[in-house]
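Student: Before I ask anything, let me first share the structure, which is written out below as structure tokens.
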Amino acid sequence: MAEVLLYTSPGCPDCAAVRRYLEAHGITFEERDVTAPGVAEEAKSRYGVRVAPITVIGDKVLYGTFAEQKPQLDAAFGG
């Protein structure tokens, strides 16, 4: 399975929804807080996005609300 990286921010309901989705599907992921020093800049330079949630699955980058990401998460993980 592809490595999964989740960029989140504290108090973000869509971030929490993506996290719950991944956990409910037993998907191991690394989480990075965009409010930590340098993390938002890292996301912007790597993926062109700095607003959480950003879900990186291998070389595929998803961003936007949970509702926008869910169909692509389902496709990637057989949701």
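In the structure tokens, each chain is lettered A, B, ... as it comes, each chain's residues begin at 1, and ligands are numbered from 1 in order of appearance.
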Using only C-alpha atoms, I'd like a table of the residues in segment 15-49 of chain A that come within 9 Å of segment 58-79 of chain A; for each, show the closest atom pair and its distance in Å rounded to one decimal, ordered by chain and ascending number, as JSON lines.
Tutor:
```
{"residue": "A:Cys15", "atom": "CA", "partner": "A:Phe66", "partner_atom": "CA", "distance": 7.4}
{"residue": "A:Ala16", "atom": "CA", "partner": "A:Phe66", "partner_atom": "CA", "distance": 8.9}
{"residue": "A:Ala17", "atom": "CA", "partner": "A:Phe66", "partner_atom": "CA", "distance": 6.3}
{"residue": "A:Val18", "atom": "CA", "partner": "A:Phe66", "partner_atom": "CA", "distance": 6.0}
{"residue": "A:Tyr21", "atom": "CA", "partner": "A:Lys70", "partner_atom": "CA", "distance": 8.6}
{"residue": "A:Leu22", "atom": "CA", "partner": "A:Leu73", "partner_atom": "CA", "distance": 8.7}
{"residue": "A:His25", "atom": "CA", "partner": "A:Gly79", "partner_atom": "CA", "distance": 7.7}
{"residue": "A:Ile27", "atom": "CA", "partner": "A:Phe77", "partner_atom": "CA", "distance": 8.5}
{"residue": "A:Tyr47", "atom": "CA", "partner": "A:Val61", "partner_atom": "CA", "distance": 7.1}
{"residue": "A:Val49", "atom": "CA", "partner": "A:Tyr63", "partner_atom": "CA", "distance": 7.8}
```
Student: As a VMD selection string, please: every residue in chain A that a backbone DSSP assignment puts in strand (DSSP E or B).
Tutor: chain A and resid 4 to 8 30 to 33 54 to 57 60 to 63
Student: One decimal, in Å: what's the spacing between atom CA of Val34 of chain A and atom CA of Cys12 of chain A?
Tutor: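 Separation of atom CA of Val34 of chain A and atom CA of Cys12 of chain A: 11.0 Å.
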Student: For a quick check of understanding, using only C-alpha atoms, which of A:Ser45, A:Thr55, A:Thr35, A:Thr28 has the smallest distance to Gly11 of chain A?
Tutor: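 When distances to Gly11 of chain A are compared using only C-alpha atoms, the smallest one comes from A:Thr35.
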Student: Apply DSSP to the structure's backbone, then extract all residues of segment 8-73 of chain A labelled alpha helix (DSSP H) and return them as a PyMOL selection string.
Tutor: chain A and resi 13-24+39-47+66-73
Student: May I have the residues within 7 Å of Glu31 of chain A as a VMD selection string, using only C-alpha atoms and disregarding those fewer than 5 positions away in the same chain?
Tutor: chain A and resid 5 to 8
Student: How about saving the chosen residues, N, CA and C atoms kept, as a PDB file, in the first residue's frame?
Tutor:
```pdb
ATOM      1  N   LEU A   5       0.235  10.426   3.911  1.00  0.00           N
ATOM      2  CA  LEU A   5       0.643  11.570   4.703  1.00  0.00           C
ATOM      3  C   LEU A   5      -0.553  12.509   4.787  1.00  0.00           C
ATOM      4  N   LEU A   6      -0.883  12.944   6.004  1.00  0.00           N
ATOM      5  CA  LEU A   6      -2.035  13.811   6.213  1.00  0.00           C
ATOM      6  C   LEU A   6      -1.576  15.099   6.879  1.00  0.00           C
ATOM      7  N   TYR A   7      -1.791  16.220   6.198  1.00  0.00           N
ATOM      8  CA  TYR A   7      -1.509  17.533   6.771  1.00  0.00           C
ATOM      9  C   TYR A   7      -2.802  18.044   7.399  1.00  0.00           C
ATOM     10  N   THR A   8      -2.724  18.423   8.668  1.00  0.00           N
ATOM     11  CA  THR A   8      -3.899  18.872   9.405  1.00  0.00           C
ATOM     12  C   THR A   8      -3.599  20.173  10.134  1.00  0.00           C
TER      13      THR A   8
END
```
Student: Measuring atom to atom with only C-alpha atoms, identify which of A:Pro10, A:Glu42, A:Arg20, A:Phe29 is nearest to Val56 of chain A.
Tutor: A:Phe29
Student: With only C-alpha atoms as the atoms that count, which of A:Ala24, A:Asp14, A:Arg19, A:Ser9 lies nearest to Arg50 of chain A?
Tutor: A:Ser9
Student: May I ask which of the residues A:Glu23, A:Glu3, A:Pro13, A:Ala36 is the closest one to Pro53 of chain A, counting only C-alpha atoms?
Tutor: A:Pro13
